[in-house]
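Trainee: Have a look at this one before I ask anything.
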Amino acid sequence: MCKKFMRIIALTMIVFLLPSTALAAAPSPKGDEITKAEFIAMISDFFAWPHPTEYNDIWKAPLKQFNDVKTSDQYGKQIETAYEEGIIEPDSNGNFNPDSGISRQDAAVIFVKAFHIALSDTETFFDDKDSISKEALGSVNALVESGYMEGRTQKLFMPDELIKTEEADKIFKKITTSMVAPVQALPKRTTLEIDLPEDLNIAPRRYIKLYTPTEGAKIYYEKAASSEGWPEVEDPTTDSDEYVLAKDGHISELVGLRSGELDAPDNYVVYKVIAVKDGMVSPVQTFRWHLYRPMDGEFQYNQIKEKTEKSPAVYEIFRDNESVRAMAWYIEGEDSGIVFDALQTPANVKNLKTFIDDNLATKPYVSIIGHEHGDHDAQIPNFLDGGVDVYLNERGWASVGTTGFGGVVTTPEAQAKIKNVEEGDSFDLGGGTVFEVFALPGHANGNVALYDRQSGYLFSSDFYGCTRAGSADTVGVSGVRADLLLSFVQQVYSKYTKDEDEVNALFTGHDESELSDNNLKLFEAALQQVIDNGEAGCTPSVRGSNNRTTMIGDMYKDGTNWIALELGGKMGDDREYLSSTTDLSALPYMSEPENAGLNYNGGGYVKYSVLSNIEIEGGELIGKTVQWAKNVNPFQWAGETTTANPSLENRFNPWSYEYTIIVPGENDEITIIPTTMSTKVKSIRINGKKVDYRSENILKVSDGTVITIDITAPDKVTTSTYTFTVEKE
């Protein structure tokens with residue numbers, strides 16, 4: 001039996017061998033009495049404790065559950081998060097009894113635990129104080145002494161009477177308006193304080209978010225870390241470090257490194273935290289995270305998709321030793337396979353090719369590198385040495401070919417074996433599985449994605465982001481200005497979905513599970529809110545440093561349906577993250593004379609009078625070469641001097657205004673679907689007729705027909721005119 005399975009069994013036994021607590025089953029409530037479930041939901045909702053099913057974190061501890069509560073119950077999530085927080089426990093039968101009432105003394109115990117109120121041994125004056133249970137006495141004393149809770153009568157506390165809804169609400173309001181609520185931390189702290197690498201809630205790194213439900217309170221913290229066990233930490237004061245989400249984001253804690261090697265596999269991190277408002281100080285909260293990364297380890301894999309008549313088999317491959325735990329993917333069709341990406345482990349440490357040959361591959365395969373970053377390309381040499389064809393877009397060659405840090409293909413002989421891969425290429429794996437190549441710059445100049453129309457499987461490396469809450473993962477896309485990137489994203493999505501094709505599964509460079517088409521739409525929406533609102537559409541990065549980020553969703557509430565894209569620069573700085581004509585050598589796609597003086601940064605976003613995408617049905621748009629950055633310096637590759645400028649061919653350029661549409665001779669009409677860069681434009685007109693954003697417009701055409709599209713920007717002043725000339729084949 002594996003150690004992990006044994007640990008989970010042990011945890012289950014611990015949970016269900018707990019002694020019966022004060023929260024034993026009580027009588028059913030009457031109309032004015034609150035149920036246990038309602039009572040706990042009130043507290044859970046106040047602290048905004050996310051349920052484990054609401055965030056994507058493979059390192060979280062196993063879900064703790066009661067026998068009589070399901071996650072899908074009306075208050076199931078709130079009850080289970082309260083259990084995870086340790087403010088409630090099961091009775092001797094493993095039950096919570098959610099529909100029963102709750103006694104006044106039991107309610108006092110829960111309030112004190114939730115708000116970390118100090119127990120009191122100051123006896124109450126009630127005549128029936130001796131009937132208060134020993135387990136509840138300190139909690140009752142504390143609430144009565146603080147003025148938060150009263151007796152049922154002037155002389156009687158009546159500890160076993162069921163608490164009424166009105167009473168519970170009154171106590172809750174007094175507590176939350178009279179004290180600063182204790183600070184909360186995400187991801188969840190270590191739940192079992194077992195000082196072993198086999199701990200049930202360990203991770204190679206954590207990005208730590210601190211928050212308090214008390215609006216306007218400031219958070220102060222002290223912290224320490226040690227590789228040899230839990231360190232001692234002083235209680236924080238207002239002279240301690242202040243935590244500001246806009247500045248700090250989620251504070252990075254990770255296993256230490258020295259010269260690229262592990263200094264120690266363990267890092268025990270302890271935070272002590274307070275919140276302060278109007279001179280009031282919250283109770284001190286202590287949080288612990290056990291960070292662990294093995295000194296060594298083998299590659300591992302999981303099968304994500306089985307091979308079918310219409311889809312390839314898909315395996316994810318990873319190695320826990322890697323600091324960022326990237327994903328590589330082995331994809332196998334009827335006749336051949338693809339290894340997509342090559343992980344972070346140096347080629348002289350482990351051999352990914354040998355691992356795939358021994359465990360996964362039953363067909364010949366090629367290696368395709370999604371982009372030229374060190375956590376995705378390290379195993380290239382082993383594939384080259386093993387005679388496998390390796391493909392990497394030429395815009396990434398300079399990066400992998402450097403002899404400095406990060407270089408993995410540094411000899412001319414090895415470089416000569418690398419094959420270029422570019423949009424328009426395809427890889428036929430047999431059985432109808434054909435992966436088309438698409439170029440997606442922004443995160444890296446050489447980023448490519450693979451898409452099979454038959455299965456709907458899309459492999460994107462890092463481009464479409466990462467949704468792991470435990471790592472607070474964002475994706476940097478500052479290599480292309482956000483507005484041009486929006487155009488590229490919309491254009492490639494139109495290609496994915498042409499002829500009613502659908503993306504059924506998205507596989508990224510760091511998500512362990514498949515994502516969906518919705519994540520592609522979130523990517524577009526994140527960019528769109530910046531174009532429509534400028535800096536107001538941005539937020540500080542969850543990774544701190546006030547980095548300018550556009551975010552959709554909440555990583556702790558939306559599972560995998562959230563996204564965060566870093567656009568470059570700091571919030572409020574002067575860095576340009578939208579297009580402008582300030583430096584045309586940097587943005588050559590803006591060089592046409594009609595664009596003179598355009599700058600969409602600052603308040604300039606109201607001047608967008610351009611299209612971001614134009615879809616043609618019944619004809620084919622002849623695009624332009626779009627170069628999104630300066631020419632790169634020449635570099636040495638395979639013994640020769642070469643360049644690979646950041647440009648894509650046959651693209652729609654929003655800032656180029658004359659195009660040709662090739663129409664088959666038998667077609668006498670086409671459909672045009674215009675998408676404007678800003679969704680707030682004042683008007684879109686095709687041949688003088690006002691049309692809607694992304695509307696379908698059928699036009700009669702013949703050879704030489706000229707179609708005009710006029711757009712008026714949100715500022716009602718700036719305009720642009722596009723002309724499309726039809727050429728019949």
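A note on labels: chains of the structure tokens are A, B, ... as shown, every chain counts residues from 1, and ligands are counted from 1 in their shown order.
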If we count only C-alpha atoms, what is near range 498-515 of chain A at a cut-off of 6 Å, once residues fewer than 6 positions away on the same chain are taken out, given as a list in words?
Mentor: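 Close residues of range 498-515 of chain A: Ala326, Met327, Gly456, Tyr457, Leu458, Phe459, Ser460, Ser461, Asp462 and Cys466 of chain A.
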Trainee: Could you write out, as a count of residues only, all the residues of range 378-462 of chain A that DSSP marks as alpha helix (DSSP H)?
Mentor: 15
Trainee: Quote the spacing between CA of Pro646 in chain A and CA of Tyr464 in chain A in Å to one decimal place.
Mentor: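 Atom-to-atom, CA of Pro646 in chain A and CA of Tyr464 in chain A are spaced 19.4 Å apart.
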Trainee: Which residue is closest to Ile622 in chain A? Choose from A:Gln415, A:Ser426, A:Gln78, A:Asn653 and count only C-alpha atoms.
Mentor: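 Using only C-alpha atoms, Ile622 in chain A sits closest to A:Asn653.
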Trainee: If I take CA of Ala217 in chain A and CA of Ser252 in chain A, how far is one from the other in Å, to one decimal?
Mentor: 22.4 Å
Trainee: Please provide as a PyMOL selection string all residues within 7 Å of range 274-287 of chain A, with the sequence filter that same-chain residues fewer than 6 positions apart are discarded (counting only C-alpha atoms).
Mentor: chain A and resi 116+179-183+189+216-221+236
Trainee: Would you list the contacts of Asn141 in chain A as JSON, numbers by chain, taking every protein, DNA or RNA residue within 8 Å and counting only C-alpha atoms, but skipping same-chain residues closer than 6 positions in sequence?
Mentor: {"A": [119, 120, 121, 122, 123, 124]}
Trainee: Would you save the residues of that selection, restricted to all heavy atoms, as a compact mmCIF listing (two decimals), in the first residue's frame?
Mentor:
```txt
# COMPACT_ATOMS: atom_id res chain seq x y z
N LEU A 119 -10.50 32.92 26.11
CA LEU A 119 -11.37 32.34 27.13
C LEU A 119 -11.20 33.12 28.44
O LEU A 119 -10.15 33.73 28.69
CB LEU A 119 -11.02 30.88 27.36
CG LEU A 119 -11.18 29.94 26.14
CD1 LEU A 119 -10.73 28.53 26.51
CD2 LEU A 119 -12.61 29.93 25.64
N SER A 120 -12.24 33.08 29.27
CA SER A 120 -12.20 33.80 30.54
C SER A 120 -12.58 32.87 31.68
O SER A 120 -13.47 32.03 31.54
CB SER A 120 -13.16 34.99 30.49
OG SER A 120 -13.25 35.61 31.76
N ASP A 121 -11.90 33.04 32.81
CA ASP A 121 -12.26 32.27 34.01
C ASP A 121 -13.01 33.13 35.02
O ASP A 121 -13.21 32.74 36.17
CB ASP A 121 -11.03 31.64 34.65
CG ASP A 121 -9.97 32.67 35.03
OD1 ASP A 121 -10.24 33.89 34.89
OD2 ASP A 121 -8.87 32.27 35.44
N THR A 122 -13.42 34.33 34.58
CA THR A 122 -14.24 35.19 35.43
C THR A 122 -15.67 34.66 35.44
O THR A 122 -16.35 34.65 34.41
CB THR A 122 -14.23 36.64 34.91
OG1 THR A 122 -12.89 37.12 34.87
CG2 THR A 122 -15.08 37.54 35.81
N GLU A 123 -16.11 34.22 36.59
CA GLU A 123 -17.42 33.57 36.66
C GLU A 123 -18.55 34.55 36.39
O GLU A 123 -18.47 35.72 36.77
CB GLU A 123 -17.62 32.93 38.04
CG GLU A 123 -16.75 31.72 38.29
CD GLU A 123 -17.16 30.98 39.55
OE1 GLU A 123 -18.09 31.45 40.23
OE2 GLU A 123 -16.57 29.92 39.82
N THR A 124 -19.58 34.07 35.76
CA THR A 124 -20.78 34.87 35.52
C THR A 124 -21.62 34.92 36.80
O THR A 124 -21.41 34.14 37.73
CB THR A 124 -21.62 34.27 34.39
OG1 THR A 124 -22.08 32.98 34.79
CG2 THR A 124 -20.80 34.15 33.11
```
Trainee: Go ahead and compute the interatomic distance for CA of Lys353 in chain A and CA of His373 in chain A, in Å to one decimal.
Mentor: 18.9 Å
Trainee: Do you know which residues are at most 12 Å from Glu306 in chain A counting only C-alpha atoms, after dropping those on the same chain fewer than 2 positions away, and could you put them as a ChimeraX atom specification?
Mentor: /A:302-304,308-315,330-333,455
Trainee: Tell me, which residues of range 422-486 of chain A carry DSSP strand (DSSP E or B), written as a list in words?
Mentor: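 Restricting range 422-486 of chain A to strand (DSSP E or B) produces Glu423, Asp425, Ser426, Phe427, Asp428, Leu429, Gly430, Thr433, Val434, Phe435, Glu436, Val437, Phe438, Ala439, Val448, Ala449, Leu450, Tyr451, Asp452, Tyr457, Leu458, Phe459, Ser460, Ser461, Val475 and Gly476 of chain A.
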Trainee: Would you mind exporting N, CA, C and O atoms of the selected residues as a compact mmCIF listing (two decimals), in the first residue's frame?
Mentor:
```
# COMPACT_ATOMS: atom_id res chain seq x y z
N GLU A 423 3.23 28.87 -37.73
CA GLU A 423 1.81 28.78 -38.06
C GLU A 423 1.64 28.38 -39.53
O GLU A 423 2.33 28.88 -40.41
N ASP A 425 2.02 25.14 -40.34
CA ASP A 425 2.51 23.77 -40.33
C ASP A 425 1.46 22.85 -39.72
O ASP A 425 0.53 23.30 -39.02
N SER A 426 1.60 21.56 -39.94
CA SER A 426 0.68 20.60 -39.34
C SER A 426 1.41 19.28 -39.11
O SER A 426 2.40 18.98 -39.78
N PHE A 427 0.88 18.49 -38.17
CA PHE A 427 1.45 17.20 -37.81
C PHE A 427 0.33 16.17 -37.78
O PHE A 427 -0.58 16.24 -36.95
N ASP A 428 0.40 15.22 -38.72
CA ASP A 428 -0.63 14.20 -38.88
C ASP A 428 -0.25 12.98 -38.05
O ASP A 428 0.75 12.31 -38.33
N LEU A 429 -1.05 12.67 -37.02
CA LEU A 429 -0.77 11.52 -36.15
C LEU A 429 -1.56 10.29 -36.56
O LEU A 429 -1.44 9.25 -35.91
N GLY A 430 -2.33 10.39 -37.64
CA GLY A 430 -3.11 9.25 -38.10
C GLY A 430 -4.49 9.19 -37.46
O GLY A 430 -4.75 9.80 -36.43
N THR A 433 -6.40 12.54 -36.75
CA THR A 433 -5.84 13.52 -35.81
C THR A 433 -4.73 14.29 -36.51
O THR A 433 -3.68 13.73 -36.83
N VAL A 434 -4.98 15.58 -36.76
CA VAL A 434 -4.01 16.44 -37.41
C VAL A 434 -3.88 17.71 -36.58
O VAL A 434 -4.82 18.49 -36.46
N PHE A 435 -2.71 17.90 -35.99
CA PHE A 435 -2.49 19.09 -35.18
C PHE A 435 -1.95 20.22 -36.05
O PHE A 435 -0.88 20.10 -36.64
N GLU A 436 -2.72 21.29 -36.12
CA GLU A 436 -2.31 22.50 -36.82
C GLU A 436 -1.52 23.39 -35.85
O GLU A 436 -1.78 23.40 -34.65
N VAL A 437 -0.57 24.14 -36.39
CA VAL A 437 0.27 25.02 -35.59
C VAL A 437 -0.25 26.45 -35.71
O VAL A 437 -0.55 26.93 -36.80
N PHE A 438 -0.34 27.12 -34.55
CA PHE A 438 -0.73 28.53 -34.50
C PHE A 438 0.30 29.28 -33.68
O PHE A 438 0.81 28.78 -32.68
N ALA A 439 0.62 30.50 -34.12
CA ALA A 439 1.59 31.33 -33.42
C ALA A 439 0.87 32.28 -32.46
O ALA A 439 -0.12 32.92 -32.84
N VAL A 448 4.10 28.79 -29.66
CA VAL A 448 3.19 28.19 -30.62
C VAL A 448 2.19 27.31 -29.88
O VAL A 448 2.46 26.83 -28.78
N ALA A 449 1.04 27.10 -30.50
CA ALA A 449 0.02 26.21 -29.96
C ALA A 449 -0.32 25.16 -31.00
O ALA A 449 -0.16 25.39 -32.22
N LEU A 450 -0.78 24.00 -30.54
CA LEU A 450 -1.18 22.91 -31.42
C LEU A 450 -2.68 22.66 -31.25
O LEU A 450 -3.16 22.55 -30.12
N TYR A 451 -3.40 22.52 -32.36
CA TYR A 451 -4.85 22.35 -32.29
C TYR A 451 -5.30 21.29 -33.28
O TYR A 451 -4.97 21.35 -34.48
N ASP A 452 -6.05 20.31 -32.77
CA ASP A 452 -6.62 19.24 -33.59
C ASP A 452 -8.12 19.46 -33.69
O ASP A 452 -8.84 19.40 -32.69
N TYR A 457 -8.81 19.26 -29.23
CA TYR A 457 -7.76 19.41 -28.23
C TYR A 457 -6.81 20.53 -28.64
O TYR A 457 -6.33 20.57 -29.78
N LEU A 458 -6.52 21.42 -27.69
CA LEU A 458 -5.63 22.55 -27.92
C LEU A 458 -4.53 22.53 -26.85
O LEU A 458 -4.81 22.51 -25.66
N PHE A 459 -3.26 22.56 -27.30
CA PHE A 459 -2.10 22.61 -26.41
C PHE A 459 -1.41 23.95 -26.61
O PHE A 459 -1.00 24.29 -27.72
N SER A 460 -1.27 24.72 -25.51
CA SER A 460 -0.85 26.12 -25.67
C SER A 460 0.43 26.48 -24.94
O SER A 460 0.83 27.63 -24.96
N SER A 461 1.09 25.50 -24.26
CA SER A 461 2.22 25.84 -23.41
C SER A 461 1.75 26.87 -22.38
O SER A 461 0.69 26.68 -21.77
N VAL A 475 0.23 35.01 -15.98
CA VAL A 475 1.09 34.84 -17.15
C VAL A 475 1.45 36.22 -17.68
O VAL A 475 0.60 37.11 -17.78
N GLY A 476 2.72 36.43 -17.95
CA GLY A 476 3.17 37.70 -18.50
C GLY A 476 2.96 37.72 -20.00
O GLY A 476 3.35 36.80 -20.72
```
Trainee: Excluding range 700-708 of chain A and any residue of its chain fewer than 4 positions from it, enumerate the residues within 6 Å of it, using only C-alpha atoms, and give them as a list in words.
Mentor: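 After dropping sequence-adjacent residues, the list is Asp668, Glu669, Ile686, Asn687, Tyr722, Thr723, Phe724, Thr725, Val726, Glu727 and Lys728 of chain A.
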Trainee: Please provide as a PDB file with N, CA and C atoms, in the first residue's frame all residues within 12 Å of Ile175 in chain A, with the sequence filter that same-chain residues fewer than 6 positions apart are discarded (counting only C-alpha atoms).
Mentor:
```
ATOM      1  N   ILE A  43     -21.405  32.572   9.878  1.00  0.00           N
ATOM      2  CA  ILE A  43     -20.003  32.810  10.234  1.00  0.00           C
ATOM      3  C   ILE A  43     -19.082  32.551   9.043  1.00  0.00           C
ATOM      4  N   PHE A  46     -19.198  35.366   6.563  1.00  0.00           N
ATOM      5  CA  PHE A  46     -18.532  36.580   7.035  1.00  0.00           C
ATOM      6  C   PHE A  46     -17.029  36.516   6.776  1.00  0.00           C
ATOM      7  N   ALA A 108     -21.973  29.852  21.898  1.00  0.00           N
ATOM      8  CA  ALA A 108     -20.895  30.646  22.487  1.00  0.00           C
ATOM      9  C   ALA A 108     -19.530  30.054  22.151  1.00  0.00           C
ATOM     10  N   PHE A 111     -18.690  30.921  18.481  1.00  0.00           N
ATOM     11  CA  PHE A 111     -18.327  32.334  18.324  1.00  0.00           C
ATOM     12  C   PHE A 111     -16.901  32.584  18.813  1.00  0.00           C
ATOM     13  N   VAL A 112     -16.563  32.047  19.961  1.00  0.00           N
ATOM     14  CA  VAL A 112     -15.234  32.270  20.537  1.00  0.00           C
ATOM     15  C   VAL A 112     -14.152  31.655  19.656  1.00  0.00           C
ATOM     16  N   ALA A 114     -14.347  31.014  16.356  1.00  0.00           N
ATOM     17  CA  ALA A 114     -14.290  31.682  15.052  1.00  0.00           C
ATOM     18  C   ALA A 114     -13.576  33.023  15.141  1.00  0.00           C
ATOM     19  N   PHE A 115     -13.849  33.767  16.220  1.00  0.00           N
ATOM     20  CA  PHE A 115     -13.279  35.111  16.345  1.00  0.00           C
ATOM     21  C   PHE A 115     -12.038  35.142  17.240  1.00  0.00           C
ATOM     22  N   HIS A 116     -11.571  33.964  17.648  1.00  0.00           N
ATOM     23  CA  HIS A 116     -10.350  33.838  18.440  1.00  0.00           C
ATOM     24  C   HIS A 116     -10.393  34.742  19.677  1.00  0.00           C
ATOM     25  N   ILE A 117     -11.522  34.728  20.346  1.00  0.00           N
ATOM     26  CA  ILE A 117     -11.694  35.497  21.575  1.00  0.00           C
ATOM     27  C   ILE A 117     -11.080  34.699  22.725  1.00  0.00           C
ATOM     28  N   ALA A 142     -16.380  34.527  28.595  1.00  0.00           N
ATOM     29  CA  ALA A 142     -15.739  35.536  27.751  1.00  0.00           C
ATOM     30  C   ALA A 142     -16.769  36.403  27.038  1.00  0.00           C
ATOM     31  N   LEU A 143     -17.825  35.796  26.488  1.00  0.00           N
ATOM     32  CA  LEU A 143     -18.821  36.576  25.751  1.00  0.00           C
ATOM     33  C   LEU A 143     -19.652  37.445  26.678  1.00  0.00           C
ATOM     34  N   VAL A 144     -19.988  36.915  27.838  1.00  0.00           N
ATOM     35  CA  VAL A 144     -20.773  37.705  28.790  1.00  0.00           C
ATOM     36  C   VAL A 144     -19.934  38.856  29.342  1.00  0.00           C
ATOM     37  N   SER A 146     -17.501  40.394  27.922  1.00  0.00           N
ATOM     38  CA  SER A 146     -17.274  41.401  26.879  1.00  0.00           C
ATOM     39  C   SER A 146     -18.546  42.147  26.494  1.00  0.00           C
ATOM     40  N   GLY A 147     -19.673  41.700  27.017  1.00  0.00           N
ATOM     41  CA  GLY A 147     -20.932  42.343  26.670  1.00  0.00           C
ATOM     42  C   GLY A 147     -21.524  41.881  25.356  1.00  0.00           C
ATOM     43  N   TYR A 148     -20.959  40.827  24.782  1.00  0.00           N
ATOM     44  CA  TYR A 148     -21.460  40.323  23.509  1.00  0.00           C
ATOM     45  C   TYR A 148     -22.713  39.461  23.678  1.00  0.00           C
ATOM     46  N   MET A 149     -22.846  38.815  24.835  1.00  0.00           N
ATOM     47  CA  MET A 149     -23.934  37.861  25.037  1.00  0.00           C
ATOM     48  C   MET A 149     -24.590  38.123  26.387  1.00  0.00           C
ATOM     49  N   ALA A 168     -28.835  35.170  17.921  1.00  0.00           N
ATOM     50  CA  ALA A 168     -27.591  34.908  17.194  1.00  0.00           C
ATOM     51  C   ALA A 168     -27.179  36.121  16.367  1.00  0.00           C
ATOM     52  N   ASP A 169     -28.137  36.739  15.697  1.00  0.00           N
ATOM     53  CA  ASP A 169     -27.846  37.921  14.888  1.00  0.00           C
ATOM     54  C   ASP A 169     -27.332  39.069  15.755  1.00  0.00           C
ATOM     55  N   ALA A 181     -11.874  41.879  13.297  1.00  0.00           N
ATOM     56  CA  ALA A 181     -11.903  40.441  13.046  1.00  0.00           C
ATOM     57  C   ALA A 181     -10.496  39.902  12.822  1.00  0.00           C
ATOM     58  N   PRO A 182     -10.229  38.698  13.266  1.00  0.00           N
ATOM     59  CA  PRO A 182      -8.896  38.112  13.064  1.00  0.00           C
ATOM     60  C   PRO A 182      -8.575  37.955  11.583  1.00  0.00           C
ATOM     61  N   THR A 214     -12.854  42.879   8.428  1.00  0.00           N
ATOM     62  CA  THR A 214     -13.110  44.213   8.954  1.00  0.00           C
ATOM     63  C   THR A 214     -12.639  45.257   7.954  1.00  0.00           C
ATOM     64  N   SER A 282      -6.846  43.206  16.492  1.00  0.00           N
ATOM     65  CA  SER A 282      -7.449  41.878  16.429  1.00  0.00           C
ATOM     66  C   SER A 282      -6.628  40.877  17.229  1.00  0.00           C
TER      67      SER A 282
END
```
Trainee: Check the smallest atom-to-atom distance from each of A:Arg651, A:His290, A:Lys521, A:Arg319 to Ser226 in chain A using only C-alpha atoms, then report the winner.
Mentor: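 Closest residue, counting only C-alpha atoms: A:His290.
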Trainee: With only C-alpha atoms as the atoms that count, which of A:Pro50, A:Lys689, A:Gly603, A:Pro588 lies nearest to Val626 in chain A?
Mentor: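 Among the listed residues, A:Pro588 lies closest to Val626 in chain A.
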Trainee: Write out, as a Markdown table, each residue of range 423-537 of chain A that has an atom at most 8 Å from range 545-554 of chain A, together with the closest pair of atoms and their distance in Å to one decimal, counting only C-alpha atoms, rows going by chain and rising number.
Mentor:
```
| residue | atom | partner | partner_atom | distance |
| --- | --- | --- | --- | --- |
| A:Leu522 | CA | A:Ile552 | CA | 6.7 |
| A:Ala525 | CA | A:Ile552 | CA | 7.5 |
| A:Ala526 | CA | A:Thr550 | CA | 5.7 |
| A:Leu527 | CA | A:Thr550 | CA | 6.9 |
| A:Gln529 | CA | A:Thr550 | CA | 7.8 |
| A:Val530 | CA | A:Thr550 | CA | 7.0 |
| A:Gly537 | CA | A:Thr550 | CA | 6.5 |
```
Trainee: Based on the selection just made, write all heavy atoms of those residues as an mmCIF file, in the first residue's frame.
Mentor:
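Below is the file out_20.cif, written as the result:
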```
data_model
loop_
_atom_site.group_PDB
_atom_site.id
_atom_site.type_symbol
_atom_site.label_atom_id
_atom_site.label_comp_id
_atom_site.auth_asym_id
_atom_site.auth_seq_id
_atom_site.Cartn_x
_atom_site.Cartn_y
_atom_site.Cartn_z
ATOM 1 N N LEU A 522 -12.097 33.887 -21.441
ATOM 2 C CA LEU A 522 -11.639 34.721 -20.337
ATOM 3 C C LEU A 522 -10.388 35.503 -20.725
ATOM 4 O O LEU A 522 -10.214 36.662 -20.333
ATOM 5 C CB LEU A 522 -11.346 33.852 -19.109
ATOM 6 C CG LEU A 522 -12.553 33.279 -18.372
ATOM 7 C CD1 LEU A 522 -12.092 32.299 -17.295
ATOM 8 C CD2 LEU A 522 -13.392 34.378 -17.747
ATOM 9 N N ALA A 525 -11.552 38.367 -22.722
ATOM 10 C CA ALA A 525 -12.277 39.318 -21.873
ATOM 11 C C ALA A 525 -11.323 40.124 -21.001
ATOM 12 O O ALA A 525 -11.544 41.314 -20.744
ATOM 13 C CB ALA A 525 -13.294 38.579 -21.014
ATOM 14 N N ALA A 526 -10.245 39.484 -20.526
ATOM 15 C CA ALA A 526 -9.276 40.184 -19.689
ATOM 16 C C ALA A 526 -8.590 41.304 -20.468
ATOM 17 O O ALA A 526 -8.359 42.399 -19.941
ATOM 18 C CB ALA A 526 -8.247 39.198 -19.142
ATOM 19 N N LEU A 527 -8.249 41.051 -21.706
ATOM 20 C CA LEU A 527 -7.658 42.092 -22.545
ATOM 21 C C LEU A 527 -8.690 43.154 -22.908
ATOM 22 O O LEU A 527 -8.401 44.357 -22.907
ATOM 23 C CB LEU A 527 -7.069 41.476 -23.814
ATOM 24 C CG LEU A 527 -5.865 40.561 -23.617
ATOM 25 C CD1 LEU A 527 -5.522 39.838 -24.917
ATOM 26 C CD2 LEU A 527 -4.653 41.342 -23.112
ATOM 27 N N GLN A 529 -11.247 44.306 -21.297
ATOM 28 C CA GLN A 529 -11.592 45.280 -20.268
ATOM 29 C C GLN A 529 -10.532 46.378 -20.152
ATOM 30 O O GLN A 529 -10.832 47.502 -19.732
ATOM 31 C CB GLN A 529 -11.810 44.590 -18.923
ATOM 32 C CG GLN A 529 -10.596 44.009 -18.260
ATOM 33 C CD GLN A 529 -10.928 43.306 -16.940
ATOM 34 O OE1 GLN A 529 -12.095 43.213 -16.547
ATOM 35 N NE2 GLN A 529 -9.920 42.806 -16.258
ATOM 36 N N VAL A 530 -9.304 46.059 -20.553
ATOM 37 C CA VAL A 530 -8.250 47.075 -20.554
ATOM 38 C C VAL A 530 -8.441 48.034 -21.725
ATOM 39 O O VAL A 530 -8.294 49.253 -21.578
ATOM 40 C CB VAL A 530 -6.861 46.420 -20.620
ATOM 41 C CG1 VAL A 530 -5.774 47.471 -20.659
ATOM 42 C CG2 VAL A 530 -6.663 45.502 -19.430
ATOM 43 N N GLY A 537 -9.204 49.317 -16.050
ATOM 44 C CA GLY A 537 -9.434 47.905 -16.312
ATOM 45 C C GLY A 537 -8.313 47.028 -15.787
ATOM 46 O O GLY A 537 -8.323 45.818 -16.008
#
```
